[in-house]
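Structure first, commentary second.
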Amino acid sequence: MGTFSVPEVDYYVFSIMAVQSWSEVLRSAKKTALISDGKRKVHYLFTDGSEMAEEYDMRTDELILRQLRSKTKLGGAGQWQVEVGERNPSAVPSTDTEIKESSSNPLFIRKDTKASFQWRVRNIPYPVDTYSVSVEPAERCCIIRTTNKKYYKKFSIPDLDRCQLPLESAALSFSHANNTLIISYKKPKEILTLEQELMRELKKLKGTNEGDVDCKTQ
């Protein structure tokens, strides 16, 4: 099994993927848990120093947030990169001179459900027949296009890449409502099984109810 590079999210090319399956990587990671504000927060430290932080809804077990970071070339901690969900803006320091993206621009975020990987493009008001969403198996990505040439987006599904599962056109669907394009990709049974097994393991972790998850490399 070789290493892989995911378009636009190649910040977490885990070297250990060359010799281990993703399920083995998760099982062998050092995990710590925190229960806070109705969320189960889990921090993973992998054997190569890479890290992953996840948050789950305690009531539904749905994944709310996933962030990853790898070591820099100099061995320091890299920047956290969001894969699923949205980082709390209040947790990110900013300055008055910081250049911010216009709130009216299309905003692409991933928000999964229990049954599907799901992405939302907000602030995109065109009629539903304007959009085309396709799977590109050779490039291991999905592409959003509009007939008016106003929006184009290529994105990968890291979960499938990590498990070396194929992309299937039949699993992809989309809808449009309230100026938001919603793209869904039905999770294959292998992913559903992996997520169920992982959640059973996470629920066995002895989580603290105070403080915060320690996301520093130990």
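In the structure tokens, chains take the letters A, B, ... in the order shown, each chain's residues start at 1, and ligands count up from 1 in the order shown.
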Would you tabulate, counting only C-alpha atoms, all residues of region 87-172 of chain A that have an atom at most 9 Å from an atom of region 189-202 of chain A, showing the closest pair of atoms and their distance in Å to one decimal, sorted by chain then ascending number, as a Markdown table?
```
| residue | atom | partner | partner_atom | distance |
| --- | --- | --- | --- | --- |
| A:Lys114 | CA | A:Leu192 | CA | 8.3 |
| A:Ala115 | CA | A:Leu192 | CA | 7.6 |
| A:Asp159 | CA | A:Ile191 | CA | 7.8 |
| A:Leu160 | CA | A:Ile191 | CA | 7.9 |
| A:Cys163 | CA | A:Ile191 | CA | 8.2 |
| A:Leu165 | CA | A:Glu190 | CA | 8.6 |
```
Margin query: Give me, as a ChimeraX atom specification, all polymer residues having an atom no more than 10 Å from Gly38 (chain A), counting only C-alpha atoms and skipping those fewer than 5 positions away in the same chain.
Written below: /A:55-59
Take the residues from that selection and put them in a file with C-alpha atoms, as an mmCIF file, in the first residue's frame.
```cif
data_model
loop_
_atom_site.group_PDB
_atom_site.id
_atom_site.type_symbol
_atom_site.label_atom_id
_atom_site.label_comp_id
_atom_site.auth_asym_id
_atom_site.auth_seq_id
_atom_site.Cartn_x
_atom_site.Cartn_y
_atom_site.Cartn_z
ATOM 1 C CA GLU A 55 -16.007 16.075 17.959
ATOM 2 C CA TYR A 56 -19.170 13.949 18.077
ATOM 3 C CA ASP A 57 -22.702 14.815 19.139
ATOM 4 C CA MET A 58 -23.301 12.808 22.323
ATOM 5 C CA ARG A 59 -27.000 12.351 21.526
#
```
Item checked: Those in region 77-171 of chain A with strand (DSSP E) from DSSP, as an NGL selection string -> :A and (81-84 or 107-110 or 116-122 or 131-136 or 141-146 or 152-155)
Next item on the list: Kindly indicate which residue among A:Val42, A:Ile144, A:Val25, A:Val82 lies nearest to Leu205 (chain A), using only C-alpha atoms for the distances.
Entry: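 Using only C-alpha atoms, Leu205 (chain A) sits closest to A:Val42.
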Item checked: Non-local contacts of region 133-139 of chain A (7 Å; only C-alpha atoms; under 5 positions in same chain excluded) as a ChimeraX atom specification -> /A:144-145,167,169
Go ahead and save the residues from that selection, with all heavy atoms, as an mmCIF file, in the first residue's frame.
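Result written to result.cif:
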```cif
data_model
loop_
_atom_site.group_PDB
_atom_site.id
_atom_site.type_symbol
_atom_site.label_atom_id
_atom_site.label_comp_id
_atom_site.auth_asym_id
_atom_site.auth_seq_id
_atom_site.Cartn_x
_atom_site.Cartn_y
_atom_site.Cartn_z
ATOM 1 N N ILE A 144 -17.826 19.909 -9.142
ATOM 2 C CA ILE A 144 -19.041 20.710 -9.274
ATOM 3 C C ILE A 144 -18.817 21.708 -10.400
ATOM 4 O O ILE A 144 -17.812 22.422 -10.418
ATOM 5 C CB ILE A 144 -19.355 21.482 -7.977
ATOM 6 C CG1 ILE A 144 -19.432 20.536 -6.777
ATOM 7 C CG2 ILE A 144 -20.657 22.271 -8.129
ATOM 8 C CD1 ILE A 144 -19.506 21.267 -5.444
ATOM 9 N N ARG A 145 -19.767 21.751 -11.335
ATOM 10 C CA ARG A 145 -19.705 22.716 -12.428
ATOM 11 C C ARG A 145 -21.050 23.427 -12.547
ATOM 12 O O ARG A 145 -22.082 22.872 -12.149
ATOM 13 C CB ARG A 145 -19.400 22.022 -13.760
ATOM 14 C CG ARG A 145 -18.058 21.294 -13.828
ATOM 15 C CD ARG A 145 -17.893 20.638 -15.194
ATOM 16 N NE ARG A 145 -16.598 19.992 -15.383
ATOM 17 C CZ ARG A 145 -16.347 18.717 -15.093
ATOM 18 N NH1 ARG A 145 -17.313 17.972 -14.561
ATOM 19 N NH2 ARG A 145 -15.155 18.197 -15.303
ATOM 20 N N LEU A 167 -14.522 5.235 -6.020
ATOM 21 C CA LEU A 167 -15.615 6.200 -6.086
ATOM 22 C C LEU A 167 -16.660 5.690 -7.066
ATOM 23 O O LEU A 167 -16.322 5.252 -8.170
ATOM 24 C CB LEU A 167 -15.108 7.575 -6.534
ATOM 25 C CG LEU A 167 -14.501 8.477 -5.451
ATOM 26 C CD1 LEU A 167 -13.132 7.941 -5.037
ATOM 27 C CD2 LEU A 167 -14.363 9.909 -5.953
ATOM 28 N N SER A 169 -20.254 6.553 -9.102
ATOM 29 C CA SER A 169 -21.176 7.613 -9.537
ATOM 30 C C SER A 169 -22.569 7.433 -8.955
ATOM 31 O O SER A 169 -23.257 8.413 -8.641
ATOM 32 C CB SER A 169 -21.252 7.641 -11.068
ATOM 33 O OG SER A 169 -20.000 7.992 -11.629
#
```
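Across the structure, CA of Tyr151 (chain A) and CA of Tyr131 (chain A) are spaced 9.0 Å apart.
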